[in-house]
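The file data-v5.tsv contains TSV, C-alpha atoms:
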```
chain	number	residue	atom	x	y	z
A	200	MET	CA	77.23	22.59	2.76
A	201	LEU	CA	77.48	25.03	5.70
A	202	LYS	CA	80.87	26.27	6.80
A	203	ALA	CA	81.57	29.00	9.33
A	204	THR	CA	85.13	30.03	10.12
A	205	SER	CA	86.61	32.54	12.57
A	206	ILE	CA	83.27	34.27	13.24
A	207	GLN	CA	83.42	37.23	15.64
A	208	PHE	CA	80.88	39.90	16.47
A	209	THR	CA	80.62	42.64	19.07
A	210	TYR	CA	77.90	45.22	19.72
A	211	ASP	CA	79.72	47.53	22.10
A	212	LYS	CA	83.37	46.36	22.24
A	213	LYS	CA	82.76	45.04	25.75
A	214	ARG	CA	81.34	41.64	24.86
A	215	LEU	CA	82.83	39.60	22.07
A	216	PHE	CA	80.67	36.85	20.61
A	217	THR	CA	82.66	34.04	19.02
A	218	LEU	CA	81.50	31.01	17.08
A	219	PRO	CA	83.70	27.94	16.88
A	220	ASP	CA	84.47	26.87	13.33
A	221	MET	CA	81.89	24.46	11.97
A	222	SER	CA	81.38	22.34	8.89
A	223	LEU	CA	78.02	20.65	8.36
A	224	SER	CA	76.84	18.44	5.51
A	225	PRO	CA	73.30	17.94	4.11
A	226	GLY	CA	71.19	16.15	6.71
A	227	ASP	CA	73.39	17.14	9.66
A	228	GLU	CA	71.86	18.53	12.85
A	229	LEU	CA	73.43	20.91	15.36
A	230	LEU	CA	72.08	22.15	18.67
A	231	ILE	CA	73.63	25.40	19.94
A	232	LEU	CA	73.09	25.87	23.66
A	233	GLY	CA	73.74	28.89	25.85
A	234	LYS	CA	72.23	31.08	28.52
A	235	SER	CA	70.25	34.22	27.70
A	236	GLY	CA	72.67	36.87	26.47
A	237	SER	CA	75.29	34.36	25.39
A	238	GLY	CA	74.92	35.32	21.72
A	239	LYS	CA	72.85	32.40	20.41
A	240	THR	CA	70.41	34.55	18.43
A	241	THR	CA	73.24	36.80	17.21
A	242	LEU	CA	75.04	33.78	15.81
A	243	LEU	CA	71.88	32.42	14.22
A	244	HIS	CA	71.34	35.77	12.50
A	245	ILE	CA	74.94	35.67	11.24
A	246	LEU	CA	74.47	32.15	9.85
A	247	GLY	CA	71.17	33.25	8.29
A	248	GLY	CA	72.53	36.28	6.44
A	249	LEU	CA	70.72	38.79	8.65
A	250	LEU	CA	73.74	40.21	10.47
A	251	ALA	CA	77.23	40.54	8.98
A	252	PRO	CA	80.05	39.52	11.34
A	253	GLN	CA	82.99	41.82	11.98
A	254	ALA	CA	85.33	38.94	11.22
A	255	GLY	CA	85.06	35.50	9.70
A	256	GLU	CA	83.11	33.92	6.89
A	257	VAL	CA	79.93	31.92	6.34
A	258	ILE	CA	79.78	29.70	3.25
A	259	ILE	CA	76.59	28.00	2.10
A	260	SER	CA	76.75	25.54	-0.79
A	261	GLY	CA	80.06	27.05	-1.89
A	262	THR	CA	78.81	30.66	-1.81
A	263	PRO	CA	80.42	33.09	0.67
A	264	LEU	CA	77.26	34.54	2.18
A	265	TYR	CA	78.56	38.04	2.89
A	266	SER	CA	80.11	38.45	-0.55
A	267	LEU	CA	76.50	39.05	-1.60
A	268	LYS	CA	74.89	42.45	-1.06
A	269	GLY	CA	71.42	43.95	-1.15
A	270	ASN	CA	68.90	42.16	-3.36
A	271	LYS	CA	71.36	39.38	-4.23
A	272	LEU	CA	71.75	38.51	-0.56
A	273	ASP	CA	67.99	38.70	0.01
A	274	ARG	CA	67.28	36.42	-2.92
A	275	PHE	CA	69.96	33.90	-1.96
A	276	ARG	CA	68.68	33.83	1.61
A	277	GLY	CA	65.09	33.40	0.43
A	278	LYS	CA	65.99	30.44	-1.76
A	279	ASN	CA	68.47	28.66	0.48
A	280	ILE	CA	67.77	29.52	4.12
A	281	GLY	CA	64.63	28.94	6.17
A	282	ILE	CA	64.42	30.65	9.56
A	283	VAL	CA	62.01	29.77	12.36
A	284	PHE	CA	61.97	32.73	14.73
A	285	GLN	CA	61.14	32.54	18.44
A	286	LYS	CA	57.95	34.47	17.78
A	287	PRO	CA	56.24	33.55	14.49
A	288	HIS	CA	57.00	36.07	11.73
A	289	ILE	CA	53.77	35.61	9.82
A	290	LEU	CA	51.29	38.19	8.59
A	291	SER	CA	48.02	38.19	10.52
A	292	ALA	CA	46.11	39.85	7.66
A	293	LEU	CA	46.76	36.83	5.40
A	294	THR	CA	45.61	33.23	5.56
A	295	VAL	CA	48.00	30.41	6.39
A	296	PHE	CA	48.37	29.46	2.72
A	297	GLU	CA	48.79	33.06	1.59
A	298	ASN	CA	51.69	33.47	4.01
A	299	LEU	CA	53.43	30.50	2.41
A	300	GLN	CA	52.67	31.70	-1.12
A	301	LEU	CA	54.16	35.09	-0.26
A	302	ALA	CA	57.47	33.43	0.63
A	303	ASN	CA	57.40	31.70	-2.78
A	304	PHE	CA	56.58	34.97	-4.55
A	305	PHE	CA	59.62	36.78	-3.15
A	306	VAL	CA	61.97	34.30	-4.85
A	307	GLY	CA	59.93	33.87	-8.05
A	308	GLN	CA	58.65	30.37	-7.34
A	309	LYS	CA	55.29	28.60	-7.32
A	310	ARG	CA	55.10	25.46	-5.20
A	311	ALA	CA	51.40	25.03	-4.40
A	312	ASN	CA	51.52	21.23	-4.26
A	313	GLU	CA	54.65	21.21	-2.10
A	314	LEU	CA	53.12	23.82	0.23
A	315	GLU	CA	50.06	21.65	0.78
A	316	LYS	CA	52.26	18.63	1.47
A	317	THR	CA	54.24	20.58	4.05
A	318	LEU	CA	51.04	21.70	5.78
A	319	ALA	CA	49.83	18.10	5.77
A	320	ASP	CA	53.15	16.87	7.21
A	321	LEU	CA	52.85	19.47	9.97
A	322	GLY	CA	49.26	18.48	10.72
A	323	ILE	CA	47.68	21.82	9.81
A	324	LEU	CA	46.37	21.32	6.27
A	325	ASP	CA	42.87	21.89	7.64
A	326	LYS	CA	44.03	25.39	8.62
A	327	LYS	CA	45.05	26.26	5.04
A	328	HIS	CA	42.45	29.02	4.65
A	329	ALA	CA	42.41	30.15	8.29
A	330	LYS	CA	43.53	33.62	9.34
A	331	ILE	CA	46.57	33.70	11.59
A	332	ASP	CA	44.78	35.32	14.53
A	333	THR	CA	42.41	32.32	14.77
A	334	LEU	CA	45.25	29.86	15.42
A	335	SER	CA	46.50	28.49	18.71
A	336	GLU	CA	50.08	29.23	19.75
A	337	GLY	CA	51.19	25.75	18.71
A	338	GLU	CA	49.45	26.04	15.34
A	339	ALA	CA	51.02	29.44	14.69
A	340	GLN	CA	54.46	27.98	15.42
A	341	ARG	CA	53.79	25.20	12.89
A	342	VAL	CA	52.83	27.81	10.30
A	343	SER	CA	56.10	29.57	11.04
A	344	ILE	CA	57.91	26.28	10.37
A	345	ALA	CA	55.94	25.75	7.17
A	346	ARG	CA	56.86	29.24	5.98
A	347	ALA	CA	60.53	28.56	6.70
A	348	LEU	CA	60.28	25.38	4.63
A	349	SER	CA	58.23	26.87	1.79
A	350	ASN	CA	61.18	27.29	-0.60
A	351	GLN	CA	62.75	23.93	0.29
A	352	PRO	CA	65.85	25.49	1.86
A	353	LYS	CA	69.28	23.89	2.17
A	354	LEU	CA	69.70	25.35	5.67
A	355	ILE	CA	67.02	25.47	8.40
A	356	LEU	CA	67.69	27.73	11.39
A	357	ALA	CA	65.43	27.67	14.44
A	358	ASP	CA	65.65	30.28	17.20
A	359	GLU	CA	64.20	29.05	20.52
A	360	PRO	CA	61.42	27.16	18.69
A	361	THR	CA	60.11	25.55	21.92
A	362	ALA	CA	60.44	28.50	24.30
A	363	SER	CA	56.72	29.17	24.77
A	364	LEU	CA	55.44	25.61	24.35
A	365	ASP	CA	54.46	22.96	26.89
A	366	ASP	CA	56.38	19.68	27.03
A	367	GLU	CA	54.14	17.82	24.59
A	368	ASN	CA	54.14	20.53	21.93
A	369	ALA	CA	57.85	21.24	22.42
A	370	GLU	CA	58.69	17.64	21.59
A	371	LYS	CA	56.35	17.68	18.59
A	372	VAL	CA	57.97	20.83	17.18
A	373	ILE	CA	61.50	19.40	17.48
A	374	GLN	CA	60.47	16.13	15.88
A	375	LEU	CA	58.74	18.03	13.07
A	376	LEU	CA	61.86	20.11	12.42
A	377	LYS	CA	64.05	17.00	12.38
A	378	ALA	CA	61.69	15.14	10.06
A	379	GLN	CA	61.38	18.03	7.61
A	380	ALA	CA	65.13	18.62	7.55
A	381	LYS	CA	65.65	14.95	6.79
A	382	ARG	CA	63.04	15.07	4.02
A	383	LEU	CA	64.73	18.07	2.39
A	384	GLU	CA	68.28	16.79	3.11
A	385	ALA	CA	68.88	20.17	4.74
A	386	VAL	CA	71.22	21.19	7.52
A	387	LEU	CA	69.28	21.89	10.74
A	388	VAL	CA	70.67	24.30	13.35
A	389	VAL	CA	68.64	24.91	16.51
A	390	VAL	CA	69.66	27.55	19.07
A	391	THR	CA	68.07	27.39	22.51
A	392	HIS	CA	68.48	27.55	26.26
A	393	ASP	CA	65.67	24.97	26.60
A	394	GLN	CA	67.24	21.92	28.20
A	395	ARG	CA	64.34	19.75	26.99
A	396	VAL	CA	65.79	19.84	23.48
A	397	LYS	CA	69.11	18.29	24.49
A	398	ASN	CA	67.74	14.75	24.30
A	399	HIS	CA	66.67	15.14	20.68
A	400	ILE	CA	69.82	16.38	18.92
A	401	ALA	CA	73.07	14.58	19.68
A	402	ASN	CA	75.48	17.03	18.03
A	403	GLN	CA	75.71	19.93	20.51
A	404	LEU	CA	77.70	23.11	20.97
A	405	THR	CA	77.62	25.39	24.03
A	406	ILE	CA	78.58	29.04	23.59
A	407	GLY	CA	79.06	32.12	25.73
A	408	ALA	CA	80.04	35.75	25.35
A	409	LEU	CA	83.66	36.66	26.10
A	410	GLN	CA	84.59	39.89	27.85
A	411	ALA	CA	86.64	42.11	25.55
```

Represent the supplied structure as C-alpha cells.
Amino acid sequence: MLKATSIQFTYDKKRLFTLPDMSLSPGDELLILGKSGSGKTTLLHILGGLLAPQAGEVIISGTPLYSLKGNKLDRFRGKNIGIVFQKPHILSALTVFENLQLANFFVGQKRANELEKTLADLGILDKKHAKIDTLSEGEAQRVSIARALSNQPKLILADEPTASLDDENAEKVIQLLKAQAKRLEAVLVVVTHDQRVKNHIANQLTIGALQA
C-alpha cells in the first residue's frame, strides 16, 4: 500500500537525508525515531506529498505520488493521506465540526455521520460546536487527529504527536491513533524523538542525517 524506494533529500548539499526502502500493507504501523535535525519531519513530508525528494519514489496504492502535479497531487493527498502535525493545523475562526467539514469540502465529499463518529471515538463529540481557541491543548490535538481522519485516509502520518503532552495524554493520543488506523485499515507512520512512544509500536526505524 505504501512503498518508498531510494529516497534522498538535501537542503544545502552538506547534509543528506536518506530513507531506507520500506513496504507497508494496510493496517501496518511504523515508528520512525531520530534526534532533532535527523530528518524525521522532512521524511514525513516526503511520504505525505508535501516535499518532493531529489531521488527515489513514493508509491501509495499503486500511484507514484510525485508523478502527480498541482491540483491532482493536492486532491490525491486530500483523499488518501491524513497528516497530524506537531502543532495542530486547524482554523481558530471555525468550530471543531466546521474544520472537519472543510477537509471534506476540499475533496468533494460529505461525511457528516462519519465525522461525528470520529469525534465520538476521540472523546470530543461534546466539543462539536466549540471554537478552537476554547479547547485545551489535548483537545486541540484530538481535533487535529479527527481532521486528519476526516476523509478516511489510506495513510496516516503523525509528526511528533505527543511532544507537548504529559504522560497520560501522550499515551491516550498514541492509542487513539492506533485504534483509528486499525478501524480504517490504514497504514500508520509516526515520527518522533519521544522515547515514551517506543513501547507502543513494535515496528521501528531509527534515522539520521549523513554528511555529504

Within 12 Å of file point (56.0, 24.0, -4.1), counting all atoms listed in the file, expressed as a PyMOL selection string | chain A and resi 296+299-304+306-318+345-346+348-352

12 Å contact set for Leu201 of chain A, all atoms listed in the file, chain neighbours under 5 positions out, as a ChimeraX atom specification | /A:220-229,246-247,256-264,279-280,353-356,385-388

Expected file contents, prior selection, C-alpha atoms, as a PDB file, in the frame of the given file:
```pdb
ATOM      1  CA  ASP A 220      84.470  26.870  13.330  1.00  0.00           C
ATOM      2  CA  MET A 221      81.890  24.460  11.970  1.00  0.00           C
ATOM      3  CA  SER A 222      81.380  22.340   8.890  1.00  0.00           C
ATOM      4  CA  LEU A 223      78.020  20.650   8.360  1.00  0.00           C
ATOM      5  CA  SER A 224      76.840  18.440   5.510  1.00  0.00           C
ATOM      6  CA  PRO A 225      73.300  17.940   4.110  1.00  0.00           C
ATOM      7  CA  GLY A 226      71.190  16.150   6.710  1.00  0.00           C
ATOM      8  CA  ASP A 227      73.390  17.140   9.660  1.00  0.00           C
ATOM      9  CA  GLU A 228      71.860  18.530  12.850  1.00  0.00           C
ATOM     10  CA  LEU A 229      73.430  20.910  15.360  1.00  0.00           C
ATOM     11  CA  LEU A 246      74.470  32.150   9.850  1.00  0.00           C
ATOM     12  CA  GLY A 247      71.170  33.250   8.290  1.00  0.00           C
ATOM     13  CA  GLU A 256      83.110  33.920   6.890  1.00  0.00           C
ATOM     14  CA  VAL A 257      79.930  31.920   6.340  1.00  0.00           C
ATOM     15  CA  ILE A 258      79.780  29.700   3.250  1.00  0.00           C
ATOM     16  CA  ILE A 259      76.590  28.000   2.100  1.00  0.00           C
ATOM     17  CA  SER A 260      76.750  25.540  -0.790  1.00  0.00           C
ATOM     18  CA  GLY A 261      80.060  27.050  -1.890  1.00  0.00           C
ATOM     19  CA  THR A 262      78.810  30.660  -1.810  1.00  0.00           C
ATOM     20  CA  PRO A 263      80.420  33.090   0.670  1.00  0.00           C
ATOM     21  CA  LEU A 264      77.260  34.540   2.180  1.00  0.00           C
ATOM     22  CA  ASN A 279      68.470  28.660   0.480  1.00  0.00           C
ATOM     23  CA  ILE A 280      67.770  29.520   4.120  1.00  0.00           C
ATOM     24  CA  LYS A 353      69.280  23.890   2.170  1.00  0.00           C
ATOM     25  CA  LEU A 354      69.700  25.350   5.670  1.00  0.00           C
ATOM     26  CA  ILE A 355      67.020  25.470   8.400  1.00  0.00           C
ATOM     27  CA  LEU A 356      67.690  27.730  11.390  1.00  0.00           C
ATOM     28  CA  ALA A 385      68.880  20.170   4.740  1.00  0.00           C
ATOM     29  CA  VAL A 386      71.220  21.190   7.520  1.00  0.00           C
ATOM     30  CA  LEU A 387      69.280  21.890  10.740  1.00  0.00           C
ATOM     31  CA  VAL A 388      70.670  24.300  13.350  1.00  0.00           C
TER      32      VAL A 388
END
```

Atom CA of Arg214 of chain A to atom CA of Ser266 of chain A, distance in Å rounded to a single decimal =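 According to the coordinates, atom CA of Arg214 of chain A and atom CA of Ser266 of chain A are separated by 25.6 Å.
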
Hey, what's within 12 Å of Asp365 of chain A if we count all atoms listed in the file and toss same-chain stuff fewer than 5 positions away? As a VMD selection string, please?
-> chain A and resid 336 to 337 360 370 to 372 393 395

Could you please take those selected residues and save C-alpha atoms as an mmCIF file, in the frame of the given file?
```
data_model
loop_
_atom_site.group_PDB
_atom_site.id
_atom_site.type_symbol
_atom_site.label_atom_id
_atom_site.label_comp_id
_atom_site.auth_asym_id
_atom_site.auth_seq_id
_atom_site.Cartn_x
_atom_site.Cartn_y
_atom_site.Cartn_z
ATOM 1 C CA GLU A 336 50.080 29.230 19.750
ATOM 2 C CA GLY A 337 51.190 25.750 18.710
ATOM 3 C CA PRO A 360 61.420 27.160 18.690
ATOM 4 C CA GLU A 370 58.690 17.640 21.590
ATOM 5 C CA LYS A 371 56.350 17.680 18.590
ATOM 6 C CA VAL A 372 57.970 20.830 17.180
ATOM 7 C CA ASP A 393 65.670 24.970 26.600
ATOM 8 C CA ARG A 395 64.340 19.750 26.990
#
```

Which distance in Å separates atom CA of Leu250 of chain A and atom CA of Lys286 of chain A, to one decimal?
-> 18.3 Å

Interatomic distance, atom CA of Asn298 of chain A to atom CA of Ile344 of chain A (Å, one decimal) =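 Answer for the atom CA of Asn298 of chain A to atom CA of Ile344 of chain A separation: 11.4 Å.
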
Nearest-residue call for Val389 of chain A, choices A:Leu290, A:Ile231, A:Ala339, A:Ala254, using all atoms listed in the file | A:Ile231

Sel. within 10 Å of pt (81.3, 40.9, 19.2), counting all atoms listed in the file, output as an NGL selection string | :A and (206-217 or 238 or 241 or 252-254 or 408-411)

A:Ser363, A:Ser235, A:Gln340, A:Thr294 ranked by distance to Lys327 of chain A, top pick (using all atoms listed in the file) |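 Going through A:Ser363, A:Ser235, A:Gln340, A:Thr294 one by one, the smallest distance to Lys327 of chain A is for A:Thr294.
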
Select, from A:Leu242, A:Gly248, A:Glu384, A:Ala357, the residue with the minimum atom-to-atom distance to Gly277 of chain A, counting only C-alpha atoms.
->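 When distances to Gly277 of chain A are compared using only C-alpha atoms, the smallest one comes from A:Gly248.
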
Pick from A:Val295, A:Ile373, A:Ala378, A:Leu267 nearest to Glu338 of chain A, counting all atoms listed in the file |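 That would be A:Val295, the residue with the smallest distance to Glu338 of chain A.
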
For Leu232 of chain A: contacts at 7 Å, all atoms listed in the file, fewer than 4 positions along chain excluded, given as number ranges by chain | A: 390-392, 404-406
